[in-house]
>>> print(open('final25.cif').read())   # mmCIF, C-alpha atoms
data_upload
loop_
_atom_site.group_PDB
_atom_site.id
_atom_site.type_symbol
_atom_site.label_atom_id
_atom_site.label_comp_id
_atom_site.auth_asym_id
_atom_site.auth_seq_id
_atom_site.Cartn_x
_atom_site.Cartn_y
_atom_site.Cartn_z
ATOM 1 C CA MET A 271 134.673 83.702 147.003
ATOM 2 C CA LEU A 272 135.763 80.100 146.564
ATOM 3 C CA ARG A 273 136.264 79.730 150.317
ATOM 4 C CA ILE A 274 132.789 81.152 150.919
ATOM 5 C CA ALA A 275 131.219 78.768 148.407
ATOM 6 C CA VAL A 276 132.983 75.765 149.961
ATOM 7 C CA ALA A 277 131.926 76.911 153.416
ATOM 8 C CA CYS A 278 128.301 77.178 152.267
ATOM 9 C CA LEU A 279 128.386 73.698 150.780
ATOM 10 C CA MET A 280 129.898 72.277 153.941
ATOM 11 C CA SER A 281 127.236 74.030 156.002
ATOM 12 C CA ILE A 282 124.450 72.572 153.859
ATOM 13 C CA ALA A 283 125.977 69.093 154.048
ATOM 14 C CA PHE A 284 126.342 69.372 157.818
ATOM 15 C CA ALA A 285 122.721 70.479 158.198
ATOM 16 C CA ALA A 286 121.485 67.616 156.003
ATOM 17 C CA GLY A 287 123.565 65.158 158.008
ATOM 18 C CA ALA A 288 122.201 66.494 161.268
ATOM 19 C CA GLN A 289 118.630 66.175 159.986
ATOM 20 C CA ALA A 290 119.306 62.574 158.958
ATOM 21 C CA GLN A 291 120.707 61.795 162.402
ATOM 22 C CA ASP A 292 117.581 63.272 164.056
ATOM 23 C CA TRP A 293 115.164 61.470 161.730
ATOM 24 C CA PRO A 294 112.297 61.001 162.297
ATOM 25 C CA SER A 295 111.215 64.084 164.213
ATOM 26 C CA ARG A 296 107.653 64.002 162.834
ATOM 27 C CA PRO A 297 105.239 61.455 161.287
ATOM 28 C CA VAL A 298 106.357 59.490 158.232
ATOM 29 C CA THR A 299 103.957 59.023 155.311
ATOM 30 C CA MET A 300 103.694 55.595 153.698
ATOM 31 C CA VAL A 301 101.997 55.850 150.299
ATOM 32 C CA VAL A 302 99.824 52.883 149.314
ATOM 33 C CA SER A 303 98.955 52.926 145.621
ATOM 34 C CA ALA A 304 95.569 51.263 146.134
ATOM 35 C CA ALA A 305 92.209 52.216 147.560
ATOM 36 C CA ALA A 306 91.539 51.852 151.267
ATOM 37 C CA GLY A 307 90.213 48.498 152.438
ATOM 38 C CA GLY A 308 91.935 46.203 149.953
ATOM 39 C CA PRO A 309 94.572 43.576 150.838
ATOM 40 C CA ILE A 310 97.563 45.824 150.106
ATOM 41 C CA ASP A 311 96.053 48.676 152.116
ATOM 42 C CA VAL A 312 95.434 46.373 155.084
ATOM 43 C CA PHE A 313 98.971 45.008 154.730
ATOM 44 C CA GLY A 314 100.371 48.540 154.821
ATOM 45 C CA ARG A 315 98.380 49.501 157.895
ATOM 46 C CA VAL A 316 99.539 46.423 159.800
ATOM 47 C CA MET A 317 103.172 47.222 158.997
ATOM 48 C CA ALA A 318 102.773 50.954 159.611
ATOM 49 C CA GLU A 319 101.454 50.587 163.144
ATOM 50 C CA ARG A 320 104.350 48.407 164.278
ATOM 51 C CA MET A 321 106.976 50.433 162.415
ATOM 52 C CA GLY A 322 105.716 53.603 164.050
ATOM 53 C CA LYS A 323 106.470 52.084 167.441
ATOM 54 C CA ALA A 324 109.972 51.152 166.321
ATOM 55 C CA LEU A 325 110.655 54.623 164.915
ATOM 56 C CA GLY A 326 109.115 56.588 167.779
ATOM 57 C CA GLN A 327 106.909 58.509 165.321
ATOM 58 C CA PRO A 328 103.638 57.524 163.626
ATOM 59 C CA VAL A 329 103.756 56.027 160.150
ATOM 60 C CA VAL A 330 100.671 57.373 158.390
ATOM 61 C CA ILE A 331 99.045 55.670 155.388
ATOM 62 C CA GLU A 332 98.184 57.817 152.372
ATOM 63 C CA ASN A 333 96.111 56.050 149.709
ATOM 64 C CA VAL A 334 96.976 57.226 146.175
ATOM 65 C CA PRO A 335 95.355 54.820 143.663
ATOM 66 C CA GLY A 336 95.262 55.229 139.907
ATOM 67 C CA ALA A 337 97.091 54.468 136.642
ATOM 68 C CA GLY A 338 97.940 50.917 137.623
ATOM 69 C CA GLY A 339 99.703 52.079 140.767
ATOM 70 C CA MET A 340 101.721 54.792 139.053
ATOM 71 C CA MET A 341 99.955 57.713 140.713
ATOM 72 C CA GLY A 342 101.242 56.545 144.081
ATOM 73 C CA GLY A 343 104.653 55.793 142.629
ATOM 74 C CA GLN A 344 104.880 59.242 141.084
ATOM 75 C CA ARG A 345 103.851 60.841 144.384
ATOM 76 C CA VAL A 346 106.908 59.323 146.062
ATOM 77 C CA ALA A 347 109.331 59.595 143.131
ATOM 78 C CA LYS A 348 108.811 63.384 143.143
ATOM 79 C CA ALA A 349 108.860 63.794 146.931
ATOM 80 C CA ALA A 350 111.752 65.358 148.828
ATOM 81 C CA PRO A 351 114.389 62.749 149.779
ATOM 82 C CA ASP A 352 114.114 63.611 153.468
ATOM 83 C CA GLY A 353 112.748 60.292 154.738
ATOM 84 C CA TYR A 354 109.231 61.539 155.378
ATOM 85 C CA THR A 355 107.617 59.995 152.293
ATOM 86 C CA ALA A 356 107.978 56.322 151.393
ATOM 87 C CA ILE A 357 106.002 53.921 149.249
ATOM 88 C CA LEU A 358 104.756 50.432 149.923
ATOM 89 C CA GLY A 359 105.841 49.299 146.493
ATOM 90 C CA THR A 360 104.278 46.337 144.711
ATOM 91 C CA ILE A 361 104.703 44.400 141.504
ATOM 92 C CA ALA A 362 102.246 46.880 139.956
ATOM 93 C CA THR A 363 104.131 50.043 140.940
ATOM 94 C CA HIS A 364 107.645 48.767 140.307
ATOM 95 C CA ALA A 365 107.432 46.165 137.543
ATOM 96 C CA HIS A 366 104.183 45.975 135.580
ATOM 97 C CA SER A 367 103.780 49.754 135.296
ATOM 98 C CA GLN A 368 107.123 50.027 133.533
ATOM 99 C CA LEU A 369 105.955 47.673 130.801
ATOM 100 C CA LEU A 370 102.211 48.190 130.481
ATOM 101 C CA TYR A 371 102.496 51.902 129.734
ATOM 102 C CA LYS A 372 104.318 53.346 126.742
ATOM 103 C CA ASN A 373 105.286 56.395 128.803
ATOM 104 C CA PRO A 374 105.652 55.440 132.489
ATOM 105 C CA LEU A 375 105.473 58.324 134.962
ATOM 106 C CA TYR A 376 108.817 57.344 136.524
ATOM 107 C CA ASN A 377 111.691 54.908 136.269
ATOM 108 C CA ALA A 378 111.158 52.229 138.913
ATOM 109 C CA ALA A 379 114.812 51.172 138.853
ATOM 110 C CA THR A 380 116.418 54.601 139.214
ATOM 111 C CA ASP A 381 113.930 57.034 140.769
ATOM 112 C CA PHE A 382 113.781 55.334 144.179
ATOM 113 C CA THR A 383 116.065 54.395 147.045
ATOM 114 C CA PRO A 384 115.322 50.781 148.038
ATOM 115 C CA VAL A 385 114.823 49.925 151.712
ATOM 116 C CA ASN A 386 113.766 46.289 151.824
ATOM 117 C CA LEU A 387 111.567 43.595 150.314
ATOM 118 C CA ILE A 388 108.895 42.529 152.812
ATOM 119 C CA ALA A 389 106.654 39.738 151.546
ATOM 120 C CA GLU A 390 105.240 37.868 148.587
ATOM 121 C CA ILE A 391 101.557 37.078 148.078
ATOM 122 C CA PRO A 392 101.050 34.312 145.508
ATOM 123 C CA LEU A 393 98.342 33.840 142.940
ATOM 124 C CA VAL A 394 96.373 30.608 142.974
ATOM 125 C CA LEU A 395 94.994 28.729 139.985
ATOM 126 C CA ILE A 396 91.269 28.189 140.540
ATOM 127 C CA VAL A 397 88.853 26.531 138.105
ATOM 128 C CA ARG A 398 85.099 26.164 137.802
ATOM 129 C CA LYS A 399 83.953 23.388 140.095
ATOM 130 C CA ASP A 400 82.696 21.157 137.243
ATOM 131 C CA LEU A 401 85.876 21.354 135.158
ATOM 132 C CA PRO A 402 86.953 17.679 134.893
ATOM 133 C CA VAL A 403 90.388 18.148 136.484
ATOM 134 C CA ASN A 404 91.624 17.845 140.062
ATOM 135 C CA SER A 405 95.332 18.627 139.847
ATOM 136 C CA LEU A 406 97.714 20.906 138.002
ATOM 137 C CA GLU A 407 98.906 17.999 135.850
ATOM 138 C CA GLU A 408 95.329 17.147 134.837
ATOM 139 C CA PHE A 409 94.616 20.811 134.137
ATOM 140 C CA ILE A 410 97.616 21.088 131.809
ATOM 141 C CA ALA A 411 96.613 17.965 129.875
ATOM 142 C CA TYR A 412 93.018 19.169 129.600
ATOM 143 C CA ALA A 413 94.059 22.687 128.561
ATOM 144 C CA LYS A 414 96.325 21.397 125.803
ATOM 145 C CA ALA A 415 93.525 19.217 124.446
ATOM 146 C CA ASN A 416 90.765 21.821 124.758
ATOM 147 C CA GLN A 417 92.465 25.194 124.514
ATOM 148 C CA GLY A 418 90.338 26.310 121.554
ATOM 149 C CA LYS A 419 87.182 25.954 123.642
ATOM 150 C CA MET A 420 88.454 27.372 126.944
ATOM 151 C CA ASN A 421 88.636 30.872 128.384
ATOM 152 C CA TYR A 422 89.914 32.504 131.512
ATOM 153 C CA GLY A 423 88.988 35.694 133.322
ATOM 154 C CA SER A 424 90.887 38.465 135.057
ATOM 155 C CA ALA A 425 90.340 41.685 136.959
ATOM 156 C CA GLY A 426 91.157 43.569 133.748
ATOM 157 C CA ALA A 427 93.680 43.706 130.926
ATOM 158 C CA GLY A 428 97.140 44.167 132.378
ATOM 159 C CA SER A 429 96.089 43.314 135.943
ATOM 160 C CA ALA A 430 98.182 40.954 138.064
ATOM 161 C CA THR A 431 95.506 38.293 137.577
ATOM 162 C CA HIS A 432 95.695 38.672 133.792
ATOM 163 C CA LEU A 433 99.482 38.588 133.671
ATOM 164 C CA GLY A 434 99.616 35.618 136.031
ATOM 165 C CA CYS A 435 97.471 33.590 133.649
ATOM 166 C CA ILE A 436 99.529 34.814 130.682
ATOM 167 C CA LEU A 437 102.619 33.437 132.436
ATOM 168 C CA LEU A 438 100.815 30.153 133.133
ATOM 169 C CA THR A 439 99.457 29.612 129.628
ATOM 170 C CA GLN A 440 102.772 30.513 128.012
ATOM 171 C CA ALA A 441 104.660 28.126 130.299
ATOM 172 C CA ILE A 442 102.394 25.180 129.452
ATOM 173 C CA GLY A 443 102.336 25.986 125.738
ATOM 174 C CA THR A 444 98.694 26.905 125.247
ATOM 175 C CA ASN A 445 96.786 29.799 123.669
ATOM 176 C CA ILE A 446 93.568 30.340 125.616
ATOM 177 C CA GLN A 447 91.037 33.145 125.231
ATOM 178 C CA HIS A 448 91.217 35.925 127.830
ATOM 179 C CA VAL A 449 88.023 37.572 129.125
ATOM 180 C CA PRO A 450 88.786 40.827 130.983
ATOM 181 C CA TYR A 451 86.389 42.051 133.669
ATOM 182 C CA LYS A 452 86.103 45.300 135.582
ATOM 183 C CA GLY A 453 87.505 43.885 138.789
ATOM 184 C CA THR A 454 87.867 40.560 140.539
ATOM 185 C CA GLY A 455 84.265 40.433 141.787
ATOM 186 C CA PRO A 456 82.487 39.954 138.449
ATOM 187 C CA ALA A 457 85.192 37.594 137.203
ATOM 188 C CA MET A 458 84.743 35.418 140.294
ATOM 189 C CA GLN A 459 80.966 35.442 139.846
ATOM 190 C CA ASP A 460 81.276 34.171 136.289
ATOM 191 C CA LEU A 461 83.744 31.485 137.346
ATOM 192 C CA GLN A 462 81.325 30.290 140.019
ATOM 193 C CA ALA A 463 78.536 30.297 137.429
ATOM 194 C CA GLY A 464 80.648 28.270 135.020
ATOM 195 C CA ARG A 465 80.793 30.946 132.315
ATOM 196 C CA ILE A 466 84.615 30.967 132.349
ATOM 197 C CA ASP A 467 86.990 28.104 133.028
ATOM 198 C CA PHE A 468 89.669 29.474 135.326
ATOM 199 C CA LEU A 469 91.240 32.423 137.120
ATOM 200 C CA CYS A 470 94.708 33.149 138.439
ATOM 201 C CA GLU A 471 93.654 35.015 141.565
ATOM 202 C CA ILE A 472 95.410 36.503 144.570
ATOM 203 C CA VAL A 473 95.251 33.776 147.181
ATOM 204 C CA VAL A 474 93.533 35.722 149.962
ATOM 205 C CA THR A 475 90.844 37.016 147.584
ATOM 206 C CA ALA A 476 90.096 33.513 146.334
ATOM 207 C CA LEU A 477 90.122 31.917 149.787
ATOM 208 C CA PRO A 478 86.387 32.308 150.667
ATOM 209 C CA GLN A 479 85.299 30.666 147.407
ATOM 210 C CA ILE A 480 87.873 27.885 147.774
ATOM 211 C CA LYS A 481 86.755 27.127 151.322
ATOM 212 C CA GLY A 482 83.115 27.420 150.282
ATOM 213 C CA GLY A 483 83.601 24.818 147.560
ATOM 214 C CA THR A 484 82.233 27.030 144.783
ATOM 215 C CA VAL A 485 85.539 26.792 142.885
ATOM 216 C CA LYS A 486 88.412 24.301 142.853
ATOM 217 C CA ALA A 487 91.976 25.282 143.727
ATOM 218 C CA LEU A 488 94.643 23.344 141.839
ATOM 219 C CA ALA A 489 97.967 24.982 142.733
ATOM 220 C CA THR A 490 99.528 28.118 144.095
ATOM 221 C CA LEU A 491 101.665 29.782 141.431
ATOM 222 C CA SER A 492 104.706 30.199 143.641
ATOM 223 C CA ARG A 493 107.769 28.508 145.024
ATOM 224 C CA ASP A 494 106.510 28.140 148.597
ATOM 225 C CA ARG A 495 103.130 26.996 149.859
ATOM 226 C CA SER A 496 100.751 29.665 151.067
ATOM 227 C CA PRO A 497 100.213 29.950 154.832
ATOM 228 C CA VAL A 498 96.446 30.142 154.249
ATOM 229 C CA LEU A 499 96.429 27.064 151.956
ATOM 230 C CA PRO A 500 99.196 24.902 153.429
ATOM 231 C CA ASP A 501 97.856 21.666 151.914
ATOM 232 C CA LEU A 502 97.712 22.997 148.363
ATOM 233 C CA PRO A 503 100.809 22.140 146.299
ATOM 234 C CA THR A 504 102.725 24.758 144.353
ATOM 235 C CA ALA A 505 103.494 24.793 140.660
ATOM 236 C CA TYR A 506 107.179 24.895 141.608
ATOM 237 C CA GLU A 507 107.093 21.660 143.594
ATOM 238 C CA LYS A 508 105.192 20.030 140.739
ATOM 239 C CA GLY A 509 108.197 20.736 138.536
ATOM 240 C CA PHE A 510 106.961 23.898 136.792
ATOM 241 C CA LYS A 511 109.659 26.265 138.022
ATOM 242 C CA ASP A 512 108.843 28.974 135.483
ATOM 243 C CA ILE A 513 105.285 29.368 136.764
ATOM 244 C CA GLN A 514 105.790 31.835 139.593
ATOM 245 C CA ALA A 515 103.129 34.527 139.651
ATOM 246 C CA TYR A 516 102.655 36.670 142.702
ATOM 247 C CA THR A 517 102.465 40.179 143.947
ATOM 248 C CA TRP A 518 104.967 41.488 146.463
ATOM 249 C CA THR A 519 105.446 44.344 148.868
ATOM 250 C CA ALA A 520 108.552 46.430 149.489
ATOM 251 C CA LEU A 521 109.564 49.735 151.043
ATOM 252 C CA LEU A 522 111.225 52.424 148.953
ATOM 253 C CA PHE A 523 112.131 56.094 149.430
ATOM 254 C CA PRO A 524 112.715 58.725 146.733
ATOM 255 C CA LYS A 525 116.174 58.565 145.173
ATOM 256 C CA ASP A 526 119.009 60.281 147.050
ATOM 257 C CA THR A 527 117.505 59.619 150.483
ATOM 258 C CA PRO A 528 120.413 59.607 153.001
ATOM 259 C CA ALA A 529 121.818 56.214 153.948
ATOM 260 C CA THR A 530 121.339 56.935 157.663
ATOM 261 C CA ILE A 531 117.590 57.277 157.147
ATOM 262 C CA VAL A 532 117.425 54.186 154.951
ATOM 263 C CA THR A 533 119.160 52.153 157.661
ATOM 264 C CA LYS A 534 116.743 53.338 160.361
ATOM 265 C CA MET A 535 113.709 52.576 158.181
ATOM 266 C CA HIS A 536 115.183 49.201 157.225
ATOM 267 C CA ASP A 537 115.728 48.280 160.878
ATOM 268 C CA ALA A 538 112.178 49.341 161.797
ATOM 269 C CA ALA A 539 110.775 47.193 158.990
ATOM 270 C CA LEU A 540 112.827 44.182 160.112
ATOM 271 C CA GLN A 541 111.571 44.603 163.683
ATOM 272 C CA SER A 542 108.015 44.582 162.365
ATOM 273 C CA MET A 543 108.609 41.551 160.159
ATOM 274 C CA ALA A 544 110.068 39.655 163.133
ATOM 275 C CA ASP A 545 107.143 40.425 165.455
ATOM 276 C CA PRO A 546 105.132 37.173 165.887
ATOM 277 C CA ASP A 547 101.818 39.026 166.048
ATOM 278 C CA ILE A 548 102.582 40.977 162.876
ATOM 279 C CA ARG A 549 103.632 37.801 161.093
ATOM 280 C CA ARG A 550 100.327 36.151 162.060
ATOM 281 C CA GLN A 551 98.348 39.125 160.804
ATOM 282 C CA LEU A 552 100.205 39.197 157.501
ATOM 283 C CA GLN A 553 99.804 35.455 157.060
ATOM 284 C CA THR A 554 96.019 35.871 157.266
ATOM 285 C CA LEU A 555 96.406 38.063 154.169
ATOM 286 C CA GLY A 556 98.148 35.184 152.392
ATOM 287 C CA ALA A 557 101.548 36.851 152.660
ATOM 288 C CA THR A 558 104.810 34.966 153.038
ATOM 289 C CA ILE A 559 107.494 37.032 154.765
ATOM 290 C CA VAL A 560 110.724 36.879 152.761
ATOM 291 C CA SER A 561 113.785 35.206 154.240
ATOM 292 C CA SER A 562 116.449 37.322 155.929
ATOM 293 C CA ASP A 563 118.878 36.941 153.011
ATOM 294 C CA ARG A 564 116.392 38.822 150.797
ATOM 295 C CA THR A 565 115.856 41.921 152.943
ATOM 296 C CA SER A 566 118.823 44.140 152.099
ATOM 297 C CA PRO A 567 118.494 47.350 150.033
ATOM 298 C CA ASP A 568 120.923 45.915 147.478
ATOM 299 C CA TYR A 569 118.780 42.804 147.094
ATOM 300 C CA LEU A 570 115.670 44.905 146.476
ATOM 301 C CA ARG A 571 117.494 47.070 143.941
ATOM 302 C CA GLN A 572 118.386 44.011 141.853
ATOM 303 C CA PHE A 573 115.022 42.355 142.507
ATOM 304 C CA VAL A 574 113.144 45.273 140.915
ATOM 305 C CA LYS A 575 115.366 45.064 137.820
ATOM 306 C CA ASP A 576 114.874 41.287 137.612
ATOM 307 C CA GLU A 577 111.099 41.586 137.944
ATOM 308 C CA ILE A 578 110.937 44.066 135.082
ATOM 309 C CA THR A 579 112.982 41.687 132.952
ATOM 310 C CA LYS A 580 110.847 38.688 133.960
ATOM 311 C CA TRP A 581 107.571 40.299 132.945
ATOM 312 C CA THR A 582 108.756 41.926 129.715
ATOM 313 C CA ASP A 583 107.926 39.009 127.433
ATOM 314 C CA PRO A 584 104.577 38.013 129.025
ATOM 315 C CA ILE A 585 103.338 41.611 128.890
ATOM 316 C CA ARG A 586 104.553 42.086 125.316
ATOM 317 C CA LYS A 587 102.742 38.920 124.244
ATOM 318 C CA SER A 588 99.604 39.887 126.177
ATOM 319 C CA GLY A 589 99.112 42.974 124.025
ATOM 320 C CA ALA A 590 98.000 44.895 127.116
ATOM 321 C CA VAL A 591 100.102 47.997 126.499
ATOM 322 C CA VAL A 592 98.423 51.329 127.361
ATOM 323 C CA ASP A 593 99.202 54.666 125.691
#
>>> encode(input="final25.cif", output="C-alpha cells")
Amino acid sequence: MLRIAVACLMSIAFAAGAQAQDWPSRPVTMVVSAAAGGPIDVFGRVMAERMGKALGQPVVIENVPGAGGMMGGQRVAKAAPDGYTAILGTIATHAHSQLLYKNPLYNAATDFTPVNLIAEIPLVLIVRKDLPVNSLEEFIAYAKANQGKMNYGSAGAGSATHLGCILLTQAIGTNIQHVPYKGTGPAMQDLQAGRIDFLCEIVVTALPQIKGGTVKALATLSRDRSPVLPDLPTAYEKGFKDIQAYTWTALLFPKDTPATIVTKMHDAALQSMADPDIRRQLQTLGATIVSSDRTSPDYLRQFVKDEITKWTDPIRKSGAVVD
C-alpha cells in the first residue's frame, strides 16, 4: 500500500510538473481590481497585450472592483495555483486593504506568489490657484501658520488620495481638516472653485487641471520626477524624504504557483517593461517603470511587507478603519 501511495504522489507531481512546463496552453486571466476605463485598467491592458505576445497566449483582463480592491484580490487568492489567474496588484489590494479593514478578505503577504513589481505612479500636491504659495517650502510654512483654517479633499476616506495627504500632513507636523468626497471628480471641482485648499492626487488624473492652470502643482510626492511633469520638483529632492506617496502596480499569482510558471510570467513582464513603445504608453499614464534591481519576486515579497508597515501608522491615525 505504501508503494502504491508513493507511486500516486509521484504521478501527481510529475503531471503537475509537466503542466508547468507546458504553461500557458490557454489564455491567462489578469484580474484588475478597478472598473474598466480608469488609469489602472488602462495600465493593465497595455501590459496584457504585450505580455500575451511574449507568452504565446492572450492575457485577458477581468475587472473585479469592490471593497477597496479586495474583491479582486480575493478572486485571485482563492484561485487555483495553475498560472491561469494573476492579479495586477496595487497599493490598495496589497497594502491599504490590510490596514483599512478590521477583517481583510486575505493576507496580502502570504496568500500570493509574487512575480514582479512593475511601476510606481506618484501623487502630486495640488492647491487652489489663489492659495498664496508657489513652492512646497512656502506651502509648509503657510500650512503651519494656518492649519486651523485649512482643509483638504480626497476621493473618500481611506482612498490613496486621503492617505497620501495624511502622510504629508503628518510629515510636516500639521493637523488639517479632511473633507472626503465620493470620488476624485467632485473633490477636484471644489478645489478649482476654491472651496478646499489642496489635494494629493494621482499625477495623471491631476494633469489636465495642472496644464489648464485651474490648480497649482507644488511637488510630486515621490523620489523621482514624473515623466508627465518633468519640471516639477519632488518632495524627496526638496529634502522631505519621508513624503513618498504613490500607487504602484505588480504581478502576483495565488500562493503555491509553481516556480517554472512564475519565471515564465516574470520574463514576459520584463519583456513588456523593456519595450520602448510600452514604456511610452505607460509614461503617458504617469507611471515610472521600476529599475531592474527591483523586479525580482523576492524584492516584491519584501516590498509588500514594507508597504504594509509603512502605512500602518498613517492609517491608524487617519481613523479610516472599516468594519
>>> closest_atom_pairs(input="final25.cif", of="segment 430-499 of chain A", to="segment 396-401 of chain A", cutoff="12 Å", atoms="only C-alpha atoms", output="Markdown table")
| residue | atom | partner | partner_atom | distance |
| --- | --- | --- | --- | --- |
| A:Thr431 | CA | A:Ile396 | CA | 11.3 |
| A:Cys435 | CA | A:Ile396 | CA | 10.7 |
| A:Ala457 | CA | A:Arg398 | CA | 11.4 |
| A:Met458 | CA | A:Arg398 | CA | 9.6 |
| A:Gln459 | CA | A:Arg398 | CA | 10.4 |
| A:Asp460 | CA | A:Arg398 | CA | 9.0 |
| A:Leu461 | CA | A:Arg398 | CA | 5.5 |
| A:Gln462 | CA | A:Arg398 | CA | 6.0 |
| A:Ala463 | CA | A:Arg398 | CA | 7.8 |
| A:Gly464 | CA | A:Arg398 | CA | 5.7 |
| A:Arg465 | CA | A:Arg398 | CA | 8.5 |
| A:Ile466 | CA | A:Arg398 | CA | 7.3 |
| A:Asp467 | CA | A:Arg398 | CA | 5.5 |
| A:Phe468 | CA | A:Val397 | CA | 4.1 |
| A:Leu469 | CA | A:Ile396 | CA | 5.4 |
| A:Cys470 | CA | A:Ile396 | CA | 6.4 |
| A:Glu471 | CA | A:Ile396 | CA | 7.3 |
| A:Ile472 | CA | A:Ile396 | CA | 10.1 |
| A:Val473 | CA | A:Ile396 | CA | 9.5 |
| A:Thr475 | CA | A:Ile396 | CA | 11.3 |
| A:Ala476 | CA | A:Ile396 | CA | 8.0 |
| A:Leu477 | CA | A:Ile396 | CA | 10.0 |
| A:Pro478 | CA | A:Ile396 | CA | 12.0 |
| A:Gln479 | CA | A:Ile396 | CA | 9.4 |
| A:Ile480 | CA | A:Ile396 | CA | 8.0 |
| A:Lys481 | CA | A:Ile396 | CA | 11.7 |
| A:Gly482 | CA | A:Lys399 | CA | 11.0 |
| A:Gly483 | CA | A:Lys399 | CA | 7.6 |
| A:Thr484 | CA | A:Lys399 | CA | 6.2 |
| A:Val485 | CA | A:Lys399 | CA | 4.7 |
| A:Lys486 | CA | A:Val397 | CA | 5.3 |
| A:Ala487 | CA | A:Ile396 | CA | 4.4 |
| A:Leu488 | CA | A:Ile396 | CA | 6.0 |
| A:Ala489 | CA | A:Ile396 | CA | 7.7 |
| A:Thr490 | CA | A:Ile396 | CA | 9.0 |
| A:Leu491 | CA | A:Ile396 | CA | 10.6 |
>>> residues_around(input="final25.cif", residues="segment 336-350 of chain A", least_positions_apart="4", cutoff="6 Å", atoms="only C-alpha atoms", output="MDAnalysis selection string")
chainID A and resid 303 362:363 381 524
>>> resolve_selection(input="final25.cif", expression="the PyMOL selection byres ((chain A and resi 315) around 12)", output="MDAnalysis selection string")
chainID A and resid 299:302 306:314 316:322 328:333 358 542 548 551:552
>>> atom_distance(input="final25.cif", atom1="atom CA of Val474 of chain A", atom2="atom CA of Gln553 of chain A")
9.5 Å
>>> atom_distance(input="final25.cif", atom1="atom CA of Pro567 of chain A", atom2="atom CA of Val385 of chain A")
4.8 Å
>>> resolve_selection(input="final25.cif", expression="the PyMOL selection byres ((chain A and resi 581) around 9)", output="compact mmCIF listing (two decimals) with C-alpha atoms, in the coordinates of the input")
# COMPACT_ATOMS: atom_id res chain seq x y z
CA ALA A 365 107.43 46.16 137.54
CA HIS A 366 104.18 45.98 135.58
CA LEU A 369 105.96 47.67 130.80
CA LEU A 433 99.48 38.59 133.67
CA LEU A 437 102.62 33.44 132.44
CA ASP A 576 114.87 41.29 137.61
CA GLU A 577 111.10 41.59 137.94
CA ILE A 578 110.94 44.07 135.08
CA THR A 579 112.98 41.69 132.95
CA LYS A 580 110.85 38.69 133.96
CA THR A 582 108.76 41.93 129.72
CA ASP A 583 107.93 39.01 127.43
CA PRO A 584 104.58 38.01 129.02
CA ILE A 585 103.34 41.61 128.89
CA ARG A 586 104.55 42.09 125.32
>>> resolve_selection(input="final25.cif", expression="the PyMOL selection byres ((chain A and resi 513) around 7)", output="PyMOL selection string")
chain A and resi 437-438+441+491-492+505-506+510-512+514-515
>>> residues_around(input="final25.cif", residues="Lys452 of chain A", least_positions_apart="2", cutoff="7 Å", atoms="only C-alpha atoms", output="mmCIF file with C-alpha atoms, keeping the file's coordinate frame")
data_model
loop_
_atom_site.group_PDB
_atom_site.id
_atom_site.type_symbol
_atom_site.label_atom_id
_atom_site.label_comp_id
_atom_site.auth_asym_id
_atom_site.auth_seq_id
_atom_site.Cartn_x
_atom_site.Cartn_y
_atom_site.Cartn_z
ATOM 1 C CA ALA A 425 90.340 41.685 136.959
ATOM 2 C CA GLY A 426 91.157 43.569 133.748
ATOM 3 C CA PRO A 450 88.786 40.827 130.983
#
>>> atom_distance(input="final25.cif", atom1="atom CA of Glu407 of chain A", atom2="atom CA of Gly423 of chain A")
20.4 Å
>>> closest_residue(input="final25.cif", among="A:Leu502, A:Ala430, A:Leu393, A:Met420", to="Ser405 of chain A", atoms="all atoms listed in the file")
A:Leu502
